[in-house]
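Structure first, commentary second.
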Amino acid sequence: MSTLLSVSIALLAGLLMTRAFKPFKLPSVTAYLIAGVLIGPYCLGRLGIDGLGFNTAEAVSKLALISEVALGFIAFSIGNEFRLSDLKKTGKQALVIGILQALTATVFVDLALLAVHMIMPDKLTVPQLLTLGAIATATAPAATLMVVRQYKAKGPLTNLLLPIVALDDAVGLIVFAVCFGIARTLIEGSVDLVSIILNPLIEIICSLALGAVMGWILTQLEKMFNSNTNRLNLAIGFVFLTAALSMRDFHIGAVHISFSSLLVCMMLGTVFCNVCPLSHDLMEKTDKWTSPLFALFFVISGAELELGVFADMAIVFVGIVYIIFRSLGKYFGTFASAKMVKCEPNICKYLGITLLPQAGVALGMCATAMQLGAQGNLIRNITLFAVLIYELVGPLLTRQALMAAGDIKPMSDEVKMRRQTKLEMANKNNEQ
């Protein structure tokens, strides 16, 4: 009962907030996040009134399953961007930019935080700055995809953007595993090559393999059904199943075998869209079905943001440095690599701005960083501070960059007149 009430309140709050923010022409993602903050435990939740908001962080965590499922569908949709016909045109560019922009962000953050460490070594240690530099690689695919969908963005920049966001997850996993392994070695004094090198490679390989197998099975099962409704139900059920399987992990001796749900579901979508001849129509129908699920995901994400991190000025200072230099690293890394692979001027200029949002993957990394003990707390709080800023500002910057690049087209006068006519007719019928 309480969970169902929380879900309904979250969805309604998000939808109403989009209406409240409509005059400001902000992306729906931002409205959902702000709605989540308002009904979260730091605002309305403090009143302790059931049904008005989330009273505690535990109440928000009960809806974690919705976030996991939503991320699965987000990754599944991004897999649609890896059609071989499209990758022949942009594959090399996406690969080069995806790797170099992530590494540049890490270098920028590491150098900036190293300077902070030299100024106040008692506040920020070398293991902490190395871990934060690795977390800087991560980009949030959810916010980017939602902005692209809301404004129906199409064009050269969008064609490159979504594959890069997907590749970012794989690059981030490797960079984080190496940097985190070095950080733990500096603290514990023992070198563990298995956790530094082997485990992240196994995670990526196993994730892609599981996703590929599930994608092939889904394609074969689709042949058994003639009804589009049944095919849609099968595709939705398979994303649920794949997301559930990717949440399992196990050990074989010293080797830890786990899966990245984003990579698994992305590979599921990639194989499905390249093998199944009906995939294009089914992907479109799936996207429409998941709209309320994505809205819930962002409202819950907003409720999870911890406003308490603003109380510590040291965290705020380090967080600001992290945000500034990660943004510079993402932008200039993208600009230089896009120039290197001879992208269009608009892509070189605006692509880096669209890669600023940061959320789920970064939060997963900082959860792992808690293994550093007391030093992990600062990493977690700085990441939470950065996510709060990036999630509120990032979607707006992404929209502006896509508009400036020409991938978001302004509404034509004809469409405006048609909508105005429909509105006037509806008002006239209501009066009668």
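Residue numbers start at 1 in each chain; chains themselves are named A, B, ... in the order of the structure tokens; ligands are numbered from 1 in the order shown.
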For range 80-95 of chain A: contacts at 7 Å, only C-alpha atoms, fewer than 6 positions along chain excluded, given as a PyMOL selection string: chain A and resi 160+162-164+269-270+273-274+341
Keeping C-alpha atoms for every residue in the selection just given, could you write it to a file as a PDB file, in the first residue's frame?
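Output file selection-v2.pdb is given in full below:
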ATOM      1  CA  LEU A 160      27.433  10.529 -32.556  1.00  0.00           C
ATOM      2  CA  LEU A 162      24.281   8.283 -28.106  1.00  0.00           C
ATOM      3  CA  PRO A 163      26.964   5.743 -29.148  1.00  0.00           C
ATOM      4  CA  ILE A 164      29.583   7.810 -27.276  1.00  0.00           C
ATOM      5  CA  GLY A 269      19.252  -3.898 -27.855  1.00  0.00           C
ATOM      6  CA  THR A 270      22.229  -3.868 -30.239  1.00  0.00           C
ATOM      7  CA  CYS A 273      18.061  -4.244 -33.671  1.00  0.00           C
ATOM      8  CA  ASN A 274      20.668  -5.713 -36.039  1.00  0.00           C
ATOM      9  CA  VAL A 341      38.700  12.515 -36.603  1.00  0.00           C
TER      10      VAL A 341
END
task: Within 10 Å of Thr18 in chain A, counting only C-alpha atoms, which residues show up once you throw out same-chain ones fewer than 3 positions away? Write them as a PyMOL selection string, please.
output: chain A and resi 13-15+21-32+34-35
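Near range 289-296 of chain A, within 9 Å and counting only C-alpha atoms, sit A:Val7, A:Ala10, A:Leu11, A:Gly14, A:Leu15, A:Ser28, A:Val29, A:Tyr32, A:Ile66, A:Ser67, A:Val69, A:Ala70, A:Leu71, A:Phe73, A:Ile74, A:Ala142, A:Met146, A:Ile236, A:Glu284, A:Ser301; same-chain residues fewer than 5 positions away were not included.
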For the residues in that selection, give me C-alpha atoms as a PDB file, in the first residue's frame.
ATOM      1  CA  VAL A   7       4.875   5.501  -6.815  1.00  0.00           C
ATOM      2  CA  ALA A  10       6.143  10.478  -7.435  1.00  0.00           C
ATOM      3  CA  LEU A  11       4.650  10.146 -10.910  1.00  0.00           C
ATOM      4  CA  GLY A  14       6.810  14.833 -11.753  1.00  0.00           C
ATOM      5  CA  LEU A  15       4.070  15.408 -14.314  1.00  0.00           C
ATOM      6  CA  SER A  28      11.222  17.617 -18.587  1.00  0.00           C
ATOM      7  CA  VAL A  29      14.193  15.819 -17.001  1.00  0.00           C
ATOM      8  CA  TYR A  32      11.254  15.573 -12.767  1.00  0.00           C
ATOM      9  CA  ILE A  66      12.055   0.830 -10.548  1.00  0.00           C
ATOM     10  CA  SER A  67      15.361   2.608 -11.152  1.00  0.00           C
ATOM     11  CA  VAL A  69      14.325  -1.547 -14.577  1.00  0.00           C
ATOM     12  CA  ALA A  70      14.304   1.973 -16.046  1.00  0.00           C
ATOM     13  CA  LEU A  71      18.078   1.867 -16.582  1.00  0.00           C
ATOM     14  CA  PHE A  73      15.140   0.090 -20.823  1.00  0.00           C
ATOM     15  CA  ILE A  74      17.353   3.166 -21.264  1.00  0.00           C
ATOM     16  CA  ALA A 142      19.425   8.534 -19.044  1.00  0.00           C
ATOM     17  CA  MET A 146      15.387  11.828 -22.408  1.00  0.00           C
ATOM     18  CA  ILE A 236       9.358  -5.831 -22.570  1.00  0.00           C
ATOM     19  CA  GLU A 284       9.357   2.688 -31.196  1.00  0.00           C
ATOM     20  CA  SER A 301      16.733  10.111  -8.624  1.00  0.00           C
TER      21      SER A 301
END
query: So which residues touch Val37 in chain A within 12 Å, counting only C-alpha atoms, skipping near sequence neighbours fewer than 6 positions away, as a PyMOL selection string?
result: chain A and resi 10+13-14+17+30-31+43-46+53-55+57+60+298-307+388+391-392
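The interatomic distance for the pair CA of Leu234 in chain A and CA of Ile257 in chain A works out to 28.0 Å.
All residues of range 153-346 of chain A that DSSP, run on the backbone, classes as strand (DSSP E or B) are A:Phe250, A:His251, A:Ile252, A:Val255, A:His256, A:Ile257.
Distance-wise, CA of Cys366 in chain A and CA of Asn381 in chain A end up 8.8 Å apart.
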- line: Separating CA of Gly155 in chain A from CA of Ile78 in chain A, to the nearest tenth of an Å, is a gap of 15.8 Å
message: Env of Thr104 in chain A: 7 Å cut, atoms = only C-alpha atoms, seq-sep filter 6 positions within chain, self excluded. Answer as number ranges by chain.
response: A: 329-330, 333
- request: Tell me, as a PyMOL selection string, which residues lie within 12 Å of Lys285 in chain A, counting only C-alpha atoms; anything in the same chain fewer than 2 positions away does not count.
  value: chain A and resi 77+228-233+235-236+278-283+287-291
For the residues selected in the previous step, produce a file with C-alpha atoms as an mmCIF file, in the first residue's frame.
data_model
loop_
_atom_site.group_PDB
_atom_site.id
_atom_site.type_symbol
_atom_site.label_atom_id
_atom_site.label_comp_id
_atom_site.auth_asym_id
_atom_site.auth_seq_id
_atom_site.Cartn_x
_atom_site.Cartn_y
_atom_site.Cartn_z
ATOM 1 C CA SER A 77 17.025 1.997 -26.319
ATOM 2 C CA ASN A 228 2.506 -6.908 -32.676
ATOM 3 C CA THR A 229 1.049 -6.727 -29.166
ATOM 4 C CA ASN A 230 2.507 -10.107 -28.227
ATOM 5 C CA ARG A 231 5.855 -9.175 -29.764
ATOM 6 C CA LEU A 232 5.900 -5.969 -27.747
ATOM 7 C CA ASN A 233 5.031 -7.874 -24.560
ATOM 8 C CA ALA A 235 10.386 -7.560 -25.812
ATOM 9 C CA ILE A 236 9.358 -5.831 -22.570
ATOM 10 C CA LEU A 278 10.883 -5.971 -37.061
ATOM 11 C CA SER A 279 13.093 -4.290 -34.466
ATOM 12 C CA HIS A 280 12.542 -0.703 -35.666
ATOM 13 C CA ASP A 281 8.771 -0.764 -35.088
ATOM 14 C CA LEU A 282 9.091 -2.677 -31.819
ATOM 15 C CA MET A 283 11.710 -0.233 -30.503
ATOM 16 C CA ASP A 287 9.838 3.716 -26.146
ATOM 17 C CA LYS A 288 6.211 4.854 -25.840
ATOM 18 C CA TRP A 289 5.459 2.227 -23.185
ATOM 19 C CA THR A 290 8.420 3.296 -21.025
ATOM 20 C CA SER A 291 7.591 7.022 -20.828
#
- request: From the DSSP assignment of the backbone, select every residue of range 125-310 of chain A that is helix (DSSP H, G or I), and format the answer as number ranges by chain.
  value: A: 126-135, 141-150, 156-188, 193-222, 228-246, 261-275, 279-289, 291-304, 307-310
May I have the residues from that selection written out with C-alpha atoms, as a CSV table (one decimal), in the first residue's frame?
chain,number,residue,atom,x,y,z
A,126,VAL,CA,46.0,11.0,-3.1
A,127,PRO,CA,43.8,7.8,-3.1
A,128,GLN,CA,40.7,10.0,-2.9
A,129,LEU,CA,41.8,12.3,-5.8
A,130,LEU,CA,42.7,9.2,-8.0
A,131,THR,CA,39.3,7.7,-7.4
A,132,LEU,CA,37.4,11.0,-8.1
A,133,GLY,CA,39.4,11.4,-11.3
A,134,ALA,CA,38.2,8.0,-12.4
A,135,ILE,CA,34.6,8.8,-11.5
A,141,PRO,CA,22.9,8.1,-20.5
A,142,ALA,CA,19.4,8.5,-19.0
A,143,ALA,CA,19.3,12.3,-19.0
A,144,THR,CA,20.8,12.6,-22.5
A,145,LEU,CA,18.4,10.1,-24.0
A,146,MET,CA,15.4,11.8,-22.4
A,147,VAL,CA,16.4,15.2,-23.8
A,148,VAL,CA,16.9,13.7,-27.3
A,149,ARG,CA,13.5,12.1,-27.2
A,150,GLN,CA,11.6,15.0,-25.8
A,156,PRO,CA,25.0,14.5,-37.1
A,157,LEU,CA,25.6,15.5,-33.4
A,158,THR,CA,22.8,13.2,-32.1
A,159,ASN,CA,24.0,10.3,-34.3
A,160,LEU,CA,27.4,10.5,-32.6
A,161,LEU,CA,26.2,11.4,-29.1
A,162,LEU,CA,24.3,8.3,-28.1
A,163,PRO,CA,27.0,5.7,-29.1
A,164,ILE,CA,29.6,7.8,-27.3
A,165,VAL,CA,27.4,7.9,-24.1
A,166,ALA,CA,27.1,4.1,-24.4
A,167,LEU,CA,30.9,3.6,-24.9
A,168,ASP,CA,31.6,5.9,-22.0
A,169,ASP,CA,30.3,3.2,-19.6
A,170,ALA,CA,32.8,0.6,-20.8
A,171,VAL,CA,35.7,3.1,-20.7
A,172,GLY,CA,34.7,4.3,-17.3
A,173,LEU,CA,34.6,0.8,-15.8
A,174,ILE,CA,38.2,0.1,-16.9
A,175,VAL,CA,39.6,3.5,-15.8
A,176,PHE,CA,37.8,3.3,-12.5
A,177,ALA,CA,38.9,-0.3,-11.8
A,178,VAL,CA,42.6,0.6,-12.5
A,179,CYS,CA,42.5,3.9,-10.5
A,180,PHE,CA,40.5,2.4,-7.6
A,181,GLY,CA,42.9,-0.5,-7.5
A,182,ILE,CA,45.9,1.9,-7.2
A,183,ALA,CA,44.1,3.9,-4.5
A,184,ARG,CA,43.4,0.8,-2.5
A,185,THR,CA,47.1,-0.3,-2.9
A,186,LEU,CA,48.3,3.1,-1.6
A,187,ILE,CA,46.0,2.7,1.5
A,188,GLU,CA,46.5,-1.0,2.2
A,193,LEU,CA,46.5,-7.2,-10.1
A,194,VAL,CA,43.4,-9.4,-10.3
A,195,SER,CA,41.1,-6.6,-9.0
A,196,ILE,CA,43.0,-3.9,-10.9
A,197,ILE,CA,43.1,-5.5,-14.4
A,198,LEU,CA,41.4,-8.8,-14.6
A,199,ASN,CA,38.0,-8.2,-12.9
A,200,PRO,CA,37.0,-5.1,-15.0
A,201,LEU,CA,37.9,-6.9,-18.2
A,202,ILE,CA,35.9,-10.0,-17.2
A,203,GLU,CA,32.9,-7.7,-16.2
A,204,ILE,CA,32.9,-6.1,-19.6
A,205,ILE,CA,33.3,-9.3,-21.6
A,206,CYS,CA,30.7,-11.2,-19.6
A,207,SER,CA,28.3,-8.3,-19.8
A,208,LEU,CA,28.6,-8.1,-23.6
A,209,ALA,CA,28.4,-11.9,-23.9
A,210,LEU,CA,25.2,-12.2,-21.8
A,211,GLY,CA,23.6,-9.3,-23.6
A,212,ALA,CA,24.4,-10.9,-27.0
A,213,VAL,CA,23.0,-14.3,-26.0
A,214,MET,CA,19.8,-12.7,-24.7
A,215,GLY,CA,19.5,-10.6,-27.8
A,216,TRP,CA,19.8,-13.7,-30.1
A,217,ILE,CA,17.2,-15.6,-28.0
A,218,LEU,CA,14.8,-12.7,-28.1
A,219,THR,CA,15.1,-12.5,-31.9
A,220,GLN,CA,14.4,-16.2,-32.2
A,221,LEU,CA,11.4,-16.1,-29.9
A,222,GLU,CA,9.9,-13.1,-31.8
A,228,ASN,CA,2.5,-6.9,-32.7
A,229,THR,CA,1.0,-6.7,-29.2
A,230,ASN,CA,2.5,-10.1,-28.2
A,231,ARG,CA,5.9,-9.2,-29.8
A,232,LEU,CA,5.9,-6.0,-27.7
A,233,ASN,CA,5.0,-7.9,-24.6
A,234,LEU,CA,7.8,-10.3,-25.3
A,235,ALA,CA,10.4,-7.6,-25.8
A,236,ILE,CA,9.4,-5.8,-22.6
A,237,GLY,CA,9.5,-9.1,-20.6
A,238,PHE,CA,12.9,-9.8,-22.0
A,239,VAL,CA,14.3,-6.5,-20.9
A,240,PHE,CA,13.0,-7.2,-17.4
A,241,LEU,CA,14.6,-10.7,-17.5
A,242,THR,CA,17.9,-9.4,-18.8
A,243,ALA,CA,18.0,-6.6,-16.2
A,244,ALA,CA,17.4,-9.2,-13.4
A,245,LEU,CA,20.1,-11.6,-14.7
A,246,SER,CA,22.6,-8.7,-14.8
A,261,SER,CA,23.3,-3.8,-16.3
A,262,LEU,CA,23.8,-0.9,-18.7
A,263,LEU,CA,26.2,-2.9,-20.9
A,264,VAL,CA,24.1,-6.0,-20.8
A,265,CYS,CA,20.9,-4.3,-21.8
A,266,MET,CA,22.7,-2.2,-24.3
A,267,MET,CA,24.1,-5.3,-26.0
A,268,LEU,CA,20.6,-6.9,-25.9
A,269,GLY,CA,19.3,-3.9,-27.9
A,270,THR,CA,22.2,-3.9,-30.2
A,271,VAL,CA,21.9,-7.5,-31.2
A,272,PHE,CA,18.1,-7.3,-31.4
A,273,CYS,CA,18.1,-4.2,-33.7
A,274,ASN,CA,20.7,-5.7,-36.0
A,275,VAL,CA,19.2,-9.2,-36.3
A,279,SER,CA,13.1,-4.3,-34.5
A,280,HIS,CA,12.5,-0.7,-35.7
A,281,ASP,CA,8.8,-0.8,-35.1
A,282,LEU,CA,9.1,-2.7,-31.8
A,283,MET,CA,11.7,-0.2,-30.5
A,284,GLU,CA,9.4,2.7,-31.2
A,285,LYS,CA,6.5,1.0,-29.4
A,286,THR,CA,8.7,0.1,-26.4
A,287,ASP,CA,9.8,3.7,-26.1
A,288,LYS,CA,6.2,4.9,-25.8
A,289,TRP,CA,5.5,2.2,-23.2
A,291,SER,CA,7.6,7.0,-20.8
A,292,PRO,CA,6.0,6.9,-17.3
A,293,LEU,CA,8.8,4.5,-16.2
A,294,PHE,CA,11.4,7.1,-17.1
A,295,ALA,CA,9.5,9.9,-15.4
A,296,LEU,CA,9.5,7.8,-12.2
A,297,PHE,CA,13.2,7.1,-12.6
A,298,PHE,CA,14.1,10.8,-12.6
A,299,VAL,CA,11.7,11.7,-9.8
A,300,ILE,CA,13.2,9.0,-7.6
A,301,SER,CA,16.7,10.1,-8.6
A,302,GLY,CA,15.8,13.6,-7.4
A,303,ALA,CA,14.5,12.3,-4.1
A,304,GLU,CA,17.8,10.4,-3.6
A,307,LEU,CA,21.1,18.2,0.2
A,308,GLY,CA,23.1,17.7,3.4
A,309,VAL,CA,26.4,17.7,1.5
A,310,PHE,CA,26.1,21.5,1.3
message: Which residue is closest to Leu65 in chain A? Choose from A:Leu103, A:Ala314, A:Met247, A:Ile39 and count only C-alpha atoms.
response: A:Met247
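For the residues A:Ser6, A:Ile389, A:Lys152, A:Thr139, ranking by smallest atom-to-atom distance to Ala359 in chain A using only C-alpha atoms places A:Thr139 first.
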